[in-house]
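Chemist: So that we are looking at the same thing, I have put the structure below in structure tokens.
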Amino acid sequence: MINKEFSIFLAFILIGLIISFLFDFFRILRRVYKTPDSITIIEDIAFWIISGIILLSGIFILNEGKIRAFLFIGLFTGILLYIITISKYFVKIGTISLNTLNKIIFIPIFNFINIILNTFSKIVNLLKKLVLSTNFNLKK
């Protein structure tokens, strides 16, 4: 009995680590991509829904839906372990990695798309000028 509860306790430490990792993932996204408040609200809702699903799934799958104090002690232990040990490094490395990825991949792609759209827009404007400036005199 105690062995099973200890295993569940360790699983909830892992769940706490996973939820903390997810929280930092959203923190990294906010640091790299400056988004409007409406997007931030959507991200917050997504975080809480995903966290809730993870937590409730853990409670139902691992402990048959029984809410016990040691589950939350394990959860908070996992969160504290993550914050104390990994969080600072994960956020720093994740931010640098995503910024680098943006510079290498996304910014050139967006620049290329922008060049194509600008070129297309100039061609359309030129065609409009040609059509409007040409005096089609169909009546003879």
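FYI, nothing fancy with the structure tokens labels: chains A, B, ... in order, residues from 1 per chain, ligands from 1 as they appear.
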So that I can see what lies close to Ala69 of chain A, please list as a PDB file with N, CA and C atoms, in the first residue's frame the residues with an atom at most 12 Å from it, counting only C-alpha atoms and leaving out residues fewer than 3 positions away in the same chain.
Modeler:
```
ATOM      1  N   GLU A   5       1.459   4.130  -2.977  1.00  0.00           N
ATOM      2  CA  GLU A   5       1.304   5.559  -2.735  1.00  0.00           C
ATOM      3  C   GLU A   5       2.599   6.320  -3.019  1.00  0.00           C
ATOM      4  N   ILE A   8       2.859   6.713  -6.715  1.00  0.00           N
ATOM      5  CA  ILE A   8       1.947   7.764  -7.170  1.00  0.00           C
ATOM      6  C   ILE A   8       2.515   9.135  -6.805  1.00  0.00           C
ATOM      7  N   PHE A   9       3.099   9.252  -5.618  1.00  0.00           N
ATOM      8  CA  PHE A   9       3.742  10.494  -5.188  1.00  0.00           C
ATOM      9  C   PHE A   9       4.839  10.889  -6.174  1.00  0.00           C
ATOM     10  N   PHE A  12       3.392  12.201  -9.345  1.00  0.00           N
ATOM     11  CA  PHE A  12       2.907  13.577  -9.232  1.00  0.00           C
ATOM     12  C   PHE A  12       4.052  14.582  -9.153  1.00  0.00           C
ATOM     13  N   ILE A  59      -4.822  12.218 -11.647  1.00  0.00           N
ATOM     14  CA  ILE A  59      -5.632  11.841 -10.491  1.00  0.00           C
ATOM     15  C   ILE A  59      -6.513  10.633 -10.812  1.00  0.00           C
ATOM     16  N   ASN A  63      -4.678   7.389  -9.390  1.00  0.00           N
ATOM     17  CA  ASN A  63      -5.221   7.251  -8.034  1.00  0.00           C
ATOM     18  C   ASN A  63      -6.732   7.036  -8.028  1.00  0.00           C
ATOM     19  N   LYS A  66      -9.268   9.578  -6.591  1.00  0.00           N
ATOM     20  CA  LYS A  66      -9.242   9.981  -5.181  1.00  0.00           C
ATOM     21  C   LYS A  66      -8.249  11.128  -5.006  1.00  0.00           C
ATOM     22  N   PHE A  72      -0.959  16.497  -3.989  1.00  0.00           N
ATOM     23  CA  PHE A  72      -0.619  17.913  -4.138  1.00  0.00           C
ATOM     24  C   PHE A  72       0.764  18.229  -3.566  1.00  0.00           C
ATOM     25  N   ILE A  73       1.162  17.505  -2.536  1.00  0.00           N
ATOM     26  CA  ILE A  73       2.526  17.676  -2.020  1.00  0.00           C
ATOM     27  C   ILE A  73       3.520  17.252  -3.097  1.00  0.00           C
ATOM     28  N   GLY A  74       3.245  16.138  -3.777  1.00  0.00           N
ATOM     29  CA  GLY A  74       4.109  15.691  -4.875  1.00  0.00           C
ATOM     30  C   GLY A  74       4.108  16.686  -6.027  1.00  0.00           C
ATOM     31  N   LEU A  75       2.929  17.197  -6.359  1.00  0.00           N
ATOM     32  CA  LEU A  75       2.815  18.177  -7.443  1.00  0.00           C
ATOM     33  C   LEU A  75       3.650  19.417  -7.140  1.00  0.00           C
ATOM     34  N   PHE A  76       3.476  19.976  -5.954  1.00  0.00           N
ATOM     35  CA  PHE A  76       4.223  21.185  -5.593  1.00  0.00           C
ATOM     36  C   PHE A  76       5.709  20.911  -5.422  1.00  0.00           C
TER      37      PHE A  76
END
```
Chemist: Each residue of segment 53-132 of chain A lying at most 10 Å from segment 13-36 of chain A should get a row with its shortest atom-to-atom pair and the distance in Å to one decimal, counting only C-alpha atoms; could you produce that, ordered by chain and increasing number, as a tab-separated table?
Modeler:
```
residue	atom	partner	partner_atom	distance
A:Ile54	CA	A:Ile15	CA	7.3
A:Leu55	CA	A:Ile15	CA	7.1
A:Gly58	CA	A:Ile15	CA	7.7
A:Leu71	CA	A:Ile13	CA	8.4
A:Phe72	CA	A:Ile13	CA	8.9
A:Ile73	CA	A:Ile13	CA	8.2
A:Gly74	CA	A:Ile13	CA	4.6
A:Leu75	CA	A:Gly16	CA	4.4
A:Phe76	CA	A:Gly16	CA	6.2
A:Thr77	CA	A:Ile13	CA	5.9
A:Gly78	CA	A:Ile13	CA	4.0
A:Ile79	CA	A:Gly16	CA	4.7
A:Leu80	CA	A:Gly16	CA	8.3
A:Leu81	CA	A:Leu17	CA	7.4
A:Tyr82	CA	A:Leu17	CA	5.7
A:Ile83	CA	A:Ser20	CA	7.6
A:Ile86	CA	A:Phe21	CA	8.9
A:Ser87	CA	A:Asp24	CA	7.0
A:Lys88	CA	A:Asp24	CA	9.1
A:Phe90	CA	A:Asp24	CA	7.6
A:Val91	CA	A:Ile28	CA	6.0
A:Lys92	CA	A:Ile28	CA	8.3
A:Ile93	CA	A:Ile28	CA	9.4
A:Gly94	CA	A:Ile28	CA	6.4
A:Thr95	CA	A:Ile28	CA	5.5
A:Ile96	CA	A:Val32	CA	8.8
A:Ser97	CA	A:Ile28	CA	9.9
A:Leu98	CA	A:Val32	CA	7.1
A:Asn99	CA	A:Val32	CA	6.5
A:Asn102	CA	A:Val32	CA	9.1
```
Chemist: May I have the residues from that selection written out with N, CA and C atoms, as a CSV table (one decimal), in the first residue's frame?
Modeler:
```
chain,number,residue,atom,x,y,z
A,54,ILE,N,-3.8,17.4,-17.7
A,54,ILE,CA,-2.7,16.6,-17.2
A,54,ILE,C,-3.0,16.2,-15.7
A,55,LEU,N,-3.3,17.2,-14.9
A,55,LEU,CA,-3.6,17.0,-13.5
A,55,LEU,C,-4.7,16.0,-13.2
A,58,GLY,N,-4.0,12.5,-14.3
A,58,GLY,CA,-3.1,11.9,-13.3
A,58,GLY,C,-3.9,11.4,-12.1
A,71,LEU,N,-0.9,13.9,-3.1
A,71,LEU,CA,-0.8,14.2,-4.5
A,71,LEU,C,-0.4,15.6,-4.8
A,72,PHE,N,-1.0,16.5,-4.0
A,72,PHE,CA,-0.6,17.9,-4.1
A,72,PHE,C,0.8,18.2,-3.6
A,73,ILE,N,1.2,17.5,-2.5
A,73,ILE,CA,2.5,17.7,-2.0
A,73,ILE,C,3.5,17.3,-3.1
A,74,GLY,N,3.2,16.1,-3.8
A,74,GLY,CA,4.1,15.7,-4.9
A,74,GLY,C,4.1,16.7,-6.0
A,75,LEU,N,2.9,17.2,-6.4
A,75,LEU,CA,2.8,18.2,-7.4
A,75,LEU,C,3.7,19.4,-7.1
A,76,PHE,N,3.5,20.0,-6.0
A,76,PHE,CA,4.2,21.2,-5.6
A,76,PHE,C,5.7,20.9,-5.4
A,77,THR,N,6.1,19.7,-5.0
A,77,THR,CA,7.5,19.3,-4.9
A,77,THR,C,8.1,19.3,-6.3
A,78,GLY,N,7.4,18.8,-7.3
A,78,GLY,CA,7.9,18.8,-8.7
A,78,GLY,C,8.0,20.2,-9.2
A,79,ILE,N,7.0,21.0,-8.9
A,79,ILE,CA,7.1,22.4,-9.4
A,79,ILE,C,8.3,23.1,-8.8
A,80,LEU,N,8.5,23.0,-7.4
A,80,LEU,CA,9.6,23.6,-6.8
A,80,LEU,C,11.0,23.1,-7.3
A,81,LEU,N,11.1,21.8,-7.5
A,81,LEU,CA,12.3,21.2,-8.0
A,81,LEU,C,12.6,21.8,-9.4
A,82,TYR,N,11.6,21.9,-10.2
A,82,TYR,CA,11.8,22.4,-11.5
A,82,TYR,C,12.3,23.9,-11.5
A,83,ILE,N,11.6,24.7,-10.6
A,83,ILE,CA,11.9,26.1,-10.5
A,83,ILE,C,13.3,26.3,-10.0
A,86,ILE,N,16.0,23.7,-13.0
A,86,ILE,CA,16.0,23.7,-14.4
A,86,ILE,C,15.4,25.0,-15.0
A,87,SER,N,14.5,25.6,-14.4
A,87,SER,CA,13.7,26.7,-15.1
A,87,SER,C,14.5,27.8,-15.7
A,88,LYS,N,15.5,28.3,-14.9
A,88,LYS,CA,16.3,29.5,-15.4
A,88,LYS,C,17.0,29.1,-16.6
A,90,PHE,N,16.4,26.5,-18.7
A,90,PHE,CA,15.5,26.2,-19.8
A,90,PHE,C,15.0,27.4,-20.5
A,91,VAL,N,14.6,28.4,-19.8
A,91,VAL,CA,14.1,29.7,-20.3
A,91,VAL,C,15.2,30.4,-21.1
A,92,LYS,N,16.4,30.4,-20.6
A,92,LYS,CA,17.5,31.1,-21.3
A,92,LYS,C,17.8,30.4,-22.6
A,93,ILE,N,18.0,29.1,-22.5
A,93,ILE,CA,18.3,28.3,-23.7
A,93,ILE,C,17.2,28.3,-24.7
A,94,GLY,N,16.0,28.2,-24.2
A,94,GLY,CA,14.8,28.2,-25.1
A,94,GLY,C,14.6,29.5,-25.8
A,95,THR,N,14.9,30.6,-25.1
A,95,THR,CA,14.7,31.9,-25.7
A,95,THR,C,15.8,32.1,-26.8
A,96,ILE,N,17.0,31.8,-26.5
A,96,ILE,CA,18.1,31.9,-27.4
A,96,ILE,C,17.9,31.0,-28.6
A,97,SER,N,17.4,29.8,-28.4
A,97,SER,CA,17.2,28.9,-29.5
A,97,SER,C,16.1,29.4,-30.4
A,98,LEU,N,15.0,29.8,-29.9
A,98,LEU,CA,13.9,30.3,-30.7
A,98,LEU,C,14.3,31.6,-31.4
A,99,ASN,N,15.0,32.5,-30.8
A,99,ASN,CA,15.5,33.7,-31.5
A,99,ASN,C,16.4,33.3,-32.6
A,102,ASN,N,14.4,31.9,-35.4
A,102,ASN,CA,13.7,33.0,-36.2
A,102,ASN,C,14.7,33.6,-37.1
```
Chemist: Between atom CA of Phe60 of chain A and atom CA of Leu10 of chain A, what is the distance in Å, rounded to a tenth?
Modeler: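 Computed distance, atom CA of Phe60 of chain A to atom CA of Leu10 of chain A, equals 15.6 Å.
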Chemist: Taking only C-alpha atoms into account, which of A:Lys129, A:Leu62, A:Thr100, A:Lys122 comes nearest Ser7 of chain A?
Modeler: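 Residue with the minimum atom-to-atom distance to Ser7 of chain A: A:Leu62.
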Chemist: Quick one: pull the distance between atom CA of Glu64 of chain A and atom CA of Gly52 of chain A, Å, one decimal.
Modeler: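 So the two atoms, atom CA of Glu64 of chain A and atom CA of Gly52 of chain A, lie 16.3 Å apart.
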